[in-house]
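Trainee: Contents of data.pdb (PDB, C-alpha atoms, pLDDT in the B column) are given next:
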```
ATOM      1  CA  PRO O 266     144.209  76.771  97.193  1.00 72.00           C
ATOM      2  CA  ILE O 267     146.461  78.227  99.883  1.00 77.00           C
ATOM      3  CA  THR O 268     148.162  74.904 100.626  1.00 77.00           C
ATOM      4  CA  GLY O 269     148.533  74.298  96.900  1.00 75.00           C
ATOM      5  CA  ILE O 270     150.153  77.681  96.319  1.00 77.00           C
ATOM      6  CA  LEU O 271     152.505  77.145  99.262  1.00 79.00           C
ATOM      7  CA  PHE O 272     153.493  73.734  97.918  1.00 78.00           C
ATOM      8  CA  ILE O 273     153.969  74.942  94.336  1.00 75.00           C
ATOM      9  CA  LEU O 274     156.199  77.764  95.631  1.00 79.00           C
ATOM     10  CA  ASN O 275     158.232  75.234  97.690  1.00 80.00           C
ATOM     11  CA  VAL O 276     157.644  77.147 100.916  1.00 85.00           C
ATOM     12  CA  HIS O 277     158.090  73.908 102.866  1.00 83.00           C
ATOM     13  CA  MET O 278     161.677  73.657 101.590  1.00 84.00           C
ATOM     14  CA  TYR O 279     162.495  77.160 102.835  1.00 86.00           C
ATOM     15  CA  LEU O 280     161.068  76.212 106.225  1.00 87.00           C
ATOM     16  CA  LYS O 281     163.233  73.040 106.271  1.00 86.00           C
ATOM     17  CA  LEU O 282     160.130  70.816 106.186  1.00 83.00           C
ATOM     18  CA  TYR O 283     160.898  67.859 103.998  1.00 84.00           C
ATOM     19  CA  ILE O 284     157.764  66.159 102.778  1.00 86.00           C
ATOM     20  CA  TYR O 285     157.049  63.793  99.936  1.00 88.00           C
ATOM     21  CA  THR O 286     155.050  65.142  97.035  1.00 86.00           C
ATOM     22  CA  GLU O 287     152.644  62.285  97.683  1.00 90.00           C
ATOM     23  CA  GLN O 288     151.949  63.657 101.174  1.00 91.00           C
ATOM     24  CA  TYR O 289     150.760  66.918  99.638  1.00 88.00           C
ATOM     25  CA  ILE O 290     148.750  64.929  97.101  1.00 90.00           C
ATOM     26  CA  GLY O 291     147.131  63.035  99.998  1.00 93.00           C
ATOM     27  CA  LEU O 292     146.072  66.325 101.620  1.00 91.00           C
ATOM     28  CA  PHE O 293     144.786  67.576  98.271  1.00 89.00           C
ATOM     29  CA  LEU O 294     142.880  64.329  97.736  1.00 92.00           C
ATOM     30  CA  ALA O 295     141.341  64.493 101.220  1.00 94.00           C
ATOM     31  CA  LEU O 296     140.186  68.086 100.747  1.00 91.00           C
ATOM     32  CA  VAL O 297     138.834  67.449  97.241  1.00 91.00           C
ATOM     33  CA  PHE O 298     136.905  64.351  98.320  1.00 94.00           C
ATOM     34  CA  ALA O 299     135.438  66.118 101.355  1.00 95.00           C
ATOM     35  CA  GLY O 300     134.524  69.250  99.414  1.00 93.00           C
ATOM     36  CA  PHE O 301     133.049  67.299  96.524  1.00 94.00           C
ATOM     37  CA  PHE O 302     130.793  65.063  98.588  1.00 95.00           C
ATOM     38  CA  LEU O 303     129.691  67.938 100.825  1.00 94.00           C
ATOM     39  CA  SER O 304     128.734  70.122  97.861  1.00 92.00           C
ATOM     40  CA  THR O 305     127.560  67.770  95.104  1.00 90.00           C
ATOM     41  CA  PRO O 306     124.179  66.100  95.567  1.00 90.00           C
ATOM     42  CA  ALA O 307     123.908  62.384  94.834  1.00 87.00           C
ATOM     43  CA  SER O 308     121.087  62.863  92.330  1.00 87.00           C
ATOM     44  CA  ARG O 309     118.631  65.427  91.055  1.00 85.00           C
ATOM     45  CA  ARG O 310     116.133  64.368  93.715  1.00 86.00           C
ATOM     46  CA  SER O 311     118.596  64.726  96.608  1.00 85.00           C
ATOM     47  CA  PRO O 312     117.833  67.481  99.128  1.00 82.00           C
ATOM     48  CA  ARG O 313     119.675  70.722  98.466  1.00 82.00           C
ATOM     49  CA  ASN O 314     118.916  72.475 101.757  1.00 85.00           C
ATOM     50  CA  ARG O 315     120.473  69.888 104.092  1.00 88.00           C
ATOM     51  CA  LEU O 316     123.345  67.427 104.055  1.00 90.00           C
ATOM     52  CA  PRO O 317     122.264  63.777 103.781  1.00 92.00           C
ATOM     53  CA  TRP O 318     123.965  61.348 106.169  1.00 93.00           C
ATOM     54  CA  TYR O 319     125.502  59.350 103.323  1.00 94.00           C
ATOM     55  CA  ASP O 320     127.235  62.438 101.887  1.00 94.00           C
ATOM     56  CA  ALA O 321     128.722  63.213 105.303  1.00 95.00           C
ATOM     57  CA  LEU O 322     129.877  59.594 105.539  1.00 97.00           C
ATOM     58  CA  LEU O 323     131.433  59.751 102.047  1.00 97.00           C
ATOM     59  CA  ALA O 324     133.175  63.016 102.931  1.00 96.00           C
ATOM     60  CA  MET O 325     134.642  61.474 106.086  1.00 97.00           C
ATOM     61  CA  ALA O 326     135.740  58.395 104.127  1.00 97.00           C
ATOM     62  CA  GLY O 327     137.418  60.669 101.576  1.00 96.00           C
ATOM     63  CA  LEU O 328     139.204  62.523 104.342  1.00 97.00           C
ATOM     64  CA  SER O 329     140.480  59.276 105.840  1.00 97.00           C
ATOM     65  CA  VAL O 330     141.719  57.975 102.469  1.00 96.00           C
ATOM     66  CA  GLY O 331     143.686  61.146 101.745  1.00 96.00           C
ATOM     67  CA  LEU O 332     144.934  61.759 105.264  1.00 96.00           C
ATOM     68  CA  TYR O 333     146.311  58.222 105.448  1.00 97.00           C
ATOM     69  CA  ILE O 334     148.527  59.053 102.476  1.00 95.00           C
ATOM     70  CA  MET O 335     149.479  62.381 104.018  1.00 94.00           C
ATOM     71  CA  PHE O 336     150.515  60.998 107.394  1.00 95.00           C
ATOM     72  CA  TYR O 337     151.823  57.538 106.522  1.00 95.00           C
ATOM     73  CA  TYR O 338     153.440  57.951 103.092  1.00 94.00           C
ATOM     74  CA  PRO O 339     157.046  57.952 104.396  1.00 93.00           C
ATOM     75  CA  GLN O 340     156.381  54.494 105.857  1.00 93.00           C
ATOM     76  CA  VAL O 341     154.517  53.454 102.694  1.00 92.00           C
ATOM     77  CA  ALA O 342     157.474  54.514 100.537  1.00 90.00           C
ATOM     78  CA  ARG O 343     159.816  52.302 102.571  1.00 91.00           C
ATOM     79  CA  ASP O 344     157.678  49.195 102.153  1.00 90.00           C
ATOM     80  CA  LEU O 345     155.465  49.825  99.132  1.00 80.00           C
ATOM     81  CA  GLY O 346     155.495  46.166  98.116  1.00 81.00           C
ATOM     82  CA  GLN O 347     153.916  44.984 101.357  1.00 87.00           C
ATOM     83  CA  LEU O 348     150.217  44.301 101.250  1.00 91.00           C
ATOM     84  CA  THR O 349     148.513  45.271 104.489  1.00 93.00           C
ATOM     85  CA  ILE O 350     144.842  45.089 105.301  1.00 96.00           C
ATOM     86  CA  GLU O 351     144.483  48.835 105.919  1.00 95.00           C
ATOM     87  CA  ARG O 352     146.042  49.676 102.545  1.00 95.00           C
ATOM     88  CA  VAL O 353     143.752  47.260 100.725  1.00 96.00           C
ATOM     89  CA  VAL O 354     140.643  48.509 102.559  1.00 97.00           C
ATOM     90  CA  LEU O 355     141.520  52.185 102.040  1.00 97.00           C
ATOM     91  CA  GLY O 356     142.374  51.453  98.404  1.00 95.00           C
ATOM     92  CA  CYS O 357     138.961  49.851  97.878  1.00 97.00           C
ATOM     93  CA  ILE O 358     137.295  52.818  99.570  1.00 97.00           C
ATOM     94  CA  MET O 359     139.231  55.235  97.338  1.00 96.00           C
ATOM     95  CA  ILE O 360     138.244  53.383  94.176  1.00 96.00           C
ATOM     96  CA  LEU O 361     134.586  53.367  95.257  1.00 97.00           C
ATOM     97  CA  LEU O 362     134.731  57.077  96.137  1.00 97.00           C
ATOM     98  CA  ILE O 363     136.248  57.922  92.773  1.00 95.00           C
ATOM     99  CA  LEU O 364     133.631  55.853  90.958  1.00 96.00           C
ATOM    100  CA  GLU O 365     130.838  57.534  92.947  1.00 96.00           C
ATOM    101  CA  GLY O 366     132.300  60.966  92.235  1.00 95.00           C
ATOM    102  CA  ILE O 367     132.495  60.170  88.532  1.00 95.00           C
ATOM    103  CA  ARG O 368     128.919  58.873  88.596  1.00 95.00           C
ATOM    104  CA  ARG O 369     127.706  62.125  90.126  1.00 94.00           C
ATOM    105  CA  PHE O 370     129.714  64.233  87.715  1.00 92.00           C
ATOM    106  CA  ALA O 371     129.626  62.324  84.415  1.00 93.00           C
ATOM    107  CA  GLY O 372     127.149  59.459  84.746  1.00 93.00           C
ATOM    108  CA  TRP O 373     127.118  55.690  84.591  1.00 96.00           C
ATOM    109  CA  VAL O 374     128.737  55.258  81.182  1.00 97.00           C
ATOM    110  CA  LEU O 375     132.162  56.491  82.286  1.00 96.00           C
ATOM    111  CA  VAL O 376     131.867  54.544  85.553  1.00 96.00           C
ATOM    112  CA  SER O 377     131.205  51.377  83.523  1.00 97.00           C
ATOM    113  CA  VAL O 378     134.265  51.942  81.332  1.00 97.00           C
ATOM    114  CA  ILE O 379     136.527  52.551  84.330  1.00 95.00           C
ATOM    115  CA  ALA O 380     135.097  49.555  86.207  1.00 95.00           C
ATOM    116  CA  PHE O 381     135.720  47.368  83.152  1.00 95.00           C
ATOM    117  CA  PHE O 382     139.384  48.342  83.012  1.00 94.00           C
ATOM    118  CA  ILE O 383     139.848  47.847  86.753  1.00 94.00           C
ATOM    119  CA  CYS O 384     138.317  44.376  86.458  1.00 93.00           C
ATOM    120  CA  TYR O 385     140.487  43.717  83.402  1.00 93.00           C
ATOM    121  CA  GLY O 386     143.524  44.360  85.593  1.00 91.00           C
ATOM    122  CA  CYS O 387     142.573  41.381  87.757  1.00 91.00           C
ATOM    123  CA  LEU O 388     141.144  39.134  85.065  1.00 93.00           C
ATOM    124  CA  ALA O 389     143.645  39.741  82.224  1.00 92.00           C
ATOM    125  CA  ALA O 390     145.189  36.298  82.730  1.00 91.00           C
ATOM    126  CA  TYR O 391     141.880  34.705  81.673  1.00 92.00           C
ATOM    127  CA  PHE O 392     141.448  36.668  78.422  1.00 90.00           C
ATOM    128  CA  PRO O 393     142.330  35.180  75.001  1.00 90.00           C
ATOM    129  CA  SER O 394     145.878  35.497  73.690  1.00 87.00           C
ATOM    130  CA  PRO O 395     146.033  39.023  72.207  1.00 90.00           C
ATOM    131  CA  LEU O 396     144.417  40.547  75.297  1.00 90.00           C
ATOM    132  CA  GLN O 397     145.988  38.243  77.850  1.00 91.00           C
ATOM    133  CA  GLY O 398     148.087  39.706  80.649  1.00 89.00           C
ATOM    134  CA  LEU O 399     149.920  38.587  83.728  1.00 90.00           C
ATOM    135  CA  PRO O 400     147.827  37.519  86.723  1.00 89.00           C
ATOM    136  CA  VAL O 401     147.470  40.187  89.409  1.00 91.00           C
ATOM    137  CA  SER O 402     145.672  39.718  92.704  1.00 93.00           C
ATOM    138  CA  TRP O 403     142.923  42.136  93.702  1.00 94.00           C
ATOM    139  CA  GLU O 404     144.893  43.204  96.789  1.00 95.00           C
ATOM    140  CA  ARG O 405     148.009  44.044  94.769  1.00 94.00           C
ATOM    141  CA  LEU O 406     145.996  45.924  92.115  1.00 94.00           C
ATOM    142  CA  VAL O 407     144.088  47.982  94.688  1.00 95.00           C
ATOM    143  CA  THR O 408     147.260  48.848  96.603  1.00 94.00           C
ATOM    144  CA  TYR O 409     148.969  49.821  93.350  1.00 93.00           C
ATOM    145  CA  ILE O 410     146.110  52.066  92.245  1.00 93.00           C
ATOM    146  CA  TYR O 411     145.901  53.679  95.679  1.00 94.00           C
ATOM    147  CA  LEU O 412     149.511  54.179  96.761  1.00 93.00           C
ATOM    148  CA  ASP O 413     151.925  53.805  93.882  1.00 90.00           C
ATOM    149  CA  PRO O 414     153.263  57.145  92.619  1.00 87.00           C
ATOM    150  CA  ASN O 415     152.937  55.897  89.027  1.00 89.00           C
ATOM    151  CA  SER O 416     149.193  55.321  89.177  1.00 89.00           C
ATOM    152  CA  MET O 417     146.375  57.433  90.633  1.00 89.00           C
ATOM    153  CA  LEU O 418     148.713  59.647  92.648  1.00 88.00           C
ATOM    154  CA  ASN O 419     150.397  60.766  89.433  1.00 88.00           C
ATOM    155  CA  LEU O 420     147.071  61.836  87.934  1.00 86.00           C
ATOM    156  CA  ILE O 421     146.110  63.675  91.101  1.00 87.00           C
ATOM    157  CA  ASN O 422     149.542  65.338  91.088  1.00 85.00           C
ATOM    158  CA  LEU O 423     148.687  66.889  87.722  1.00 84.00           C
ATOM    159  CA  ALA O 424     145.511  68.376  89.168  1.00 79.00           C
ATOM    160  CA  ALA O 425     147.190  69.389  92.426  1.00 77.00           C
ATOM    161  CA  GLY O 426     150.137  71.093  90.775  1.00 76.00           C
ATOM    162  CA  ILE O 427     149.670  72.146  87.181  1.00 80.00           C
ATOM    163  CA  ALA O 428     145.896  72.588  87.015  1.00 79.00           C
ATOM    164  CA  LEU O 429     145.787  74.428  90.346  1.00 78.00           C
ATOM    165  CA  ALA O 430     148.397  76.919  89.146  1.00 78.00           C
ATOM    166  CA  PHE O 431     146.373  77.664  86.009  1.00 83.00           C
ATOM    167  CA  ILE O 432     143.130  78.003  87.976  1.00 81.00           C
ATOM    168  CA  VAL O 433     144.719  80.450  90.430  1.00 80.00           C
ATOM    169  CA  PHE O 434     146.267  82.419  87.554  1.00 83.00           C
ATOM    170  CA  GLY O 435     142.916  82.518  85.750  1.00 85.00           C
ATOM    171  CA  GLN O 436     141.111  83.742  88.868  1.00 83.00           C
ATOM    172  CA  CYS O 437     143.728  86.488  89.315  1.00 85.00           C
ATOM    173  CA  MET O 438     143.192  87.540  85.702  1.00 86.00           C
ATOM    174  CA  ILE O 439     139.430  87.651  86.235  1.00 86.00           C
ATOM    175  CA  SER O 440     139.770  89.661  89.469  1.00 86.00           C
ATOM    176  CA  PHE O 441     142.008  92.223  87.810  1.00 85.00           C
ATOM    177  CA  GLU O 442     139.740  92.290  84.756  1.00 82.00           C
ATOM    178  CA  GLY O 443     142.492  90.964  82.504  1.00 75.00           C
ATOM    179  CA  GLY O 444     141.327  90.744  78.923  1.00 69.00           C
ATOM    180  CA  ASN O 445     138.387  93.117  79.374  1.00 73.00           C
ATOM    181  CA  HIS O 446     140.238  96.028  77.809  1.00 63.00           C
ATOM    182  CA  LEU O 447     140.763  94.565  74.344  1.00 57.00           C
TER     183      LEU O 447
END
```
Could you render the structure from this file as structure tokens?
Mentor:
Amino acid sequence: PITGILFILNVHMYLKLYIYTEQYIGLFLALVFAGFFLSTPASRRSPRNRLPWYDALLAMAGLSVGLYIMFYYPQVARDLGQLTIERVVLGCIMILLILEGIRRFAGWVLVSVIAFFICYGCLAAYFPSPLQGLPVSWERLVTYIYLDPNSMLNLINLAAGIALAFIVFGQCMISFEGGNHL
């Protein structure tokens, strides 16, 4: 929350630190992934008194996915159209982490719907005429979902900026017992 508040208040601009919004989103994504997988058990039968190795691995993978965006986004912005192996691999990891997080939070039905639409992005050229789309390679689709500011980063920006501000405001209201005196 502290980094989010500092970013929303544009403290980095006052300190003459010029960063892309996507770099902040990468930090937010890394912290959310790590916190989620360290605190949310994989299933009802998962141990609650210790951290399973796979949750620690998922948390580290989430950190690497977000920190890559944080540290390398200026270079990514210069050559967004280039497909590199690390971007494709990290994009695949991010998609799998998001699907696993959704599975833990909402179940398999929503994961199936999202997986269908991701597959549709690659296979739209093979659908019948009304549903047909342009062919897109898996590498290009994964890189787009992972790094393009018009895709997943835009959705995360909403959570990192707008939703965070409302959550902080709501917690302040609760701490000061706002609304209890009606």
Trainee: Using all atoms listed in the file, can you tell me which of O:Leu375, O:Leu362, O:Ile367, O:Val353 comes closest to Glu404 of chain O?
Mentor: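 Comparing O:Leu375, O:Leu362, O:Ile367, O:Val353 against Glu404 of chain O, the winner is O:Val353.
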Trainee: Of the candidates O:Ser440, O:Gly372, O:Ala428, O:Arg352, which shows the shortest atom-to-atom distance to Val407 of chain O, using only C-alpha atoms?
Mentor: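 Using only C-alpha atoms, Val407 of chain O sits closest to O:Arg352.
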Trainee: Can you pull out the residues contacting segment 302-312 of chain O? Cut-off 9 Å, using only C-alpha atoms, and skip same-chain residues under 6 positions away; I want them as a PyMOL selection string.
Mentor: chain O and resi 320-324+327+365-366+368-370
Trainee: Pick out the closest residue to Ile363 of chain O from this set: O:Leu292, O:Cys437, O:Ile270, O:Val376. Count all atoms listed in the file.
Mentor: O:Val376
Trainee: Return the single residue from O:Ile267, O:Leu406, O:Ala299, O:Ala371 that is closest to Leu388 of chain O, with distances computed using all atoms listed in the file.
Mentor: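 Result for the nearest residue to Leu388 of chain O: O:Leu406.
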Trainee: Distance atom CA of Ser394 of chain O-atom CA of Val374 of chain O, one decimal place?
Mentor: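 Computed distance, atom CA of Ser394 of chain O to atom CA of Val374 of chain O, equals 27.2 Å.
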Trainee: Any idea what the distance is between atom CA of Ile290 of chain O and atom CA of Thr268 of chain O?
Mentor: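 Computed distance, atom CA of Ile290 of chain O to atom CA of Thr268 of chain O, equals 10.6 Å.
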Trainee: Please measure the separation of atom CA of Ile383 of chain O and atom CA of Met417 of chain O, giving the value in Å to one decimal.
Mentor: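 Computing it gives 12.2 Å between the two atoms.
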Trainee: Applying 12 Å and only C-alpha atoms, which residues near Gly426 of chain O remain after dropping the ones on its own chain fewer than 5 positions away? List them as a list in words.
Mentor: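 Counting only C-alpha atoms, the residues come to Pro266, Thr268, Gly269, Ile270, Leu271, Phe272, Ile273, Leu274, Asn275, Thr286, Glu287, Tyr289, Ile290, Phe293, Leu418, Asn419, Leu420, Ile421, Phe431, Ile432 and Val433 of chain O.
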Trainee: Which one of O:Leu399, O:Ala390, O:Ile410, O:Val378 sits closest to Ile358 of chain O if you count all atoms listed in the file?
Mentor: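 Looking only at the distances to Ile358 of chain O, the closest residue turns out to be O:Ile410.
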Trainee: For Gln340 of chain O, please output as a PyMOL selection string all residues within 12 Å (counting only C-alpha atoms; exclusion window: fewer than 4 positions along the same chain).
Mentor: chain O and resi 285+287-288+333-336+344-347+352+412
Trainee: Please write the residues from the selection above to a file, keeping C-alpha atoms, as a compact mmCIF listing (two decimals), in the frame of the given file.
Mentor:
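New file selection05.txt:
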```txt
# COMPACT_ATOMS: atom_id res chain seq x y z
CA TYR O 285 157.05 63.79 99.94
CA GLU O 287 152.64 62.28 97.68
CA GLN O 288 151.95 63.66 101.17
CA TYR O 333 146.31 58.22 105.45
CA ILE O 334 148.53 59.05 102.48
CA MET O 335 149.48 62.38 104.02
CA PHE O 336 150.51 61.00 107.39
CA ASP O 344 157.68 49.20 102.15
CA LEU O 345 155.46 49.82 99.13
CA GLY O 346 155.50 46.17 98.12
CA GLN O 347 153.92 44.98 101.36
CA ARG O 352 146.04 49.68 102.54
CA LEU O 412 149.51 54.18 96.76
```
Trainee: Excluding Met359 of chain O and any residue of its chain fewer than 6 positions from it, enumerate the residues within 9 Å of it, using all atoms listed in the file, and give them as a PyMOL selection string.
Mentor: chain O and resi 326-327+330-331+411
Trainee: Nearest residue to Tyr385 of chain O out of O:Val401, O:Ala425, O:Val276, O:Leu296, using all atoms listed in the file?
Mentor: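 Nearest to Tyr385 of chain O: O:Val401.
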Trainee: I'd like the box whose edges run along x, y and z of the file and which contains every listed atom of segment 273-283 of chain O, padded by 5 Å per side; could you state its centre and edge lengths in Å, one decimal, as JSON?
Mentor:
```
{"center_x": 158.6, "center_y": 72.8, "center_z": 100.3, "size_x": 19.3, "size_y": 19.9, "size_z": 21.9}
```
Trainee: My structure is short of atoms at segment 410-421 of chain O; please model all heavy atoms there, returning them as a tab-separated table (two decimals), in the frame of the given file.
Mentor:
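Below is the file that was written, result.tsv:
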```tsv
chain	number	residue	atom	x	y	z
O	410	ILE	N	146.91	50.91	92.68
O	410	ILE	CA	146.11	52.07	92.24
O	410	ILE	C	146.09	53.15	93.32
O	410	ILE	O	146.16	54.33	93.02
O	410	ILE	CB	144.67	51.61	91.89
O	410	ILE	CG1	144.68	50.78	90.62
O	410	ILE	CG2	143.75	52.81	91.72
O	410	ILE	CD1	143.34	50.13	90.30
O	411	TYR	N	146.03	52.73	94.57
O	411	TYR	CA	145.90	53.68	95.68
O	411	TYR	C	147.21	54.36	96.05
O	411	TYR	O	147.24	55.58	96.23
O	411	TYR	CB	145.33	52.93	96.89
O	411	TYR	CG	145.20	53.74	98.16
O	411	TYR	CD1	144.64	55.01	98.17
O	411	TYR	CD2	145.62	53.21	99.37
O	411	TYR	CE1	144.52	55.73	99.34
O	411	TYR	CE2	145.49	53.91	100.54
O	411	TYR	CZ	144.94	55.18	100.53
O	411	TYR	OH	144.82	55.88	101.68
O	412	LEU	N	148.31	53.62	96.15
O	412	LEU	CA	149.51	54.18	96.76
O	412	LEU	C	150.72	54.34	95.85
O	412	LEU	O	151.67	55.02	96.22
O	412	LEU	CB	149.92	53.31	97.96
O	412	LEU	CG	148.97	53.35	99.14
O	412	LEU	CD1	149.39	52.33	100.18
O	412	LEU	CD2	148.92	54.74	99.73
O	413	ASP	N	150.73	53.71	94.72
O	413	ASP	CA	151.93	53.80	93.88
O	413	ASP	C	151.99	55.17	93.20
O	413	ASP	O	151.00	55.64	92.65
O	413	ASP	CB	151.93	52.70	92.82
O	413	ASP	CG	153.28	52.53	92.19
O	413	ASP	OD1	153.58	53.30	91.26
O	413	ASP	OD2	154.05	51.67	92.65
O	414	PRO	N	153.17	55.82	93.23
O	414	PRO	CA	153.26	57.14	92.62
O	414	PRO	C	153.09	57.14	91.10
O	414	PRO	O	152.94	58.19	90.50
O	414	PRO	CB	154.66	57.63	93.00
O	414	PRO	CG	155.33	56.55	93.73
O	414	PRO	CD	154.37	55.43	93.92
O	415	ASN	N	153.10	55.98	90.48
O	415	ASN	CA	152.94	55.90	89.03
O	415	ASN	C	151.50	55.66	88.61
O	415	ASN	O	151.23	55.52	87.42
O	415	ASN	CB	153.81	54.76	88.47
O	415	ASN	CG	155.27	55.04	88.69
O	415	ASN	OD1	155.73	56.15	88.50
O	415	ASN	ND2	155.98	54.03	89.14
O	416	SER	N	150.58	55.59	89.54
O	416	SER	CA	149.19	55.32	89.18
O	416	SER	C	148.31	56.53	89.48
O	416	SER	O	148.52	57.60	88.92
O	416	SER	CB	148.70	54.07	89.90
O	416	SER	OG	148.68	54.28	91.29
O	417	MET	N	147.34	56.37	90.36
O	417	MET	CA	146.38	57.43	90.63
O	417	MET	C	147.03	58.67	91.22
O	417	MET	O	146.63	59.80	90.94
O	417	MET	CB	145.30	56.90	91.59
O	417	MET	CG	144.17	57.86	91.82
O	417	MET	SD	143.28	58.30	90.33
O	417	MET	CE	142.46	56.79	89.96
O	418	LEU	N	148.06	58.49	92.04
O	418	LEU	CA	148.71	59.65	92.65
O	418	LEU	C	149.36	60.55	91.60
O	418	LEU	O	149.42	61.76	91.78
O	418	LEU	CB	149.75	59.19	93.67
O	418	LEU	CG	149.20	58.50	94.91
O	418	LEU	CD1	150.33	58.08	95.84
O	418	LEU	CD2	148.22	59.38	95.64
O	419	ASN	N	149.82	59.96	90.50
O	419	ASN	CA	150.40	60.77	89.43
O	419	ASN	C	149.34	61.63	88.76
O	419	ASN	O	149.58	62.79	88.45
O	419	ASN	CB	151.09	59.86	88.42
O	419	ASN	CG	151.94	60.62	87.44
O	419	ASN	OD1	152.37	61.74	87.71
O	419	ASN	ND2	152.20	60.02	86.31
O	420	LEU	N	148.16	61.06	88.54
O	420	LEU	CA	147.07	61.84	87.93
O	420	LEU	C	146.61	62.96	88.86
O	420	LEU	O	146.32	64.07	88.41
O	420	LEU	CB	145.90	60.92	87.60
O	420	LEU	CG	146.18	59.83	86.56
O	420	LEU	CD1	144.99	58.91	86.43
O	420	LEU	CD2	146.54	60.45	85.24
O	421	ILE	N	146.53	62.66	90.14
O	421	ILE	CA	146.11	63.68	91.10
O	421	ILE	C	147.18	64.75	91.22
O	421	ILE	O	146.88	65.93	91.42
O	421	ILE	CB	145.79	63.03	92.46
O	421	ILE	CG1	144.61	62.07	92.29
O	421	ILE	CG2	145.46	64.07	93.51
O	421	ILE	CD1	144.36	61.18	93.46
```
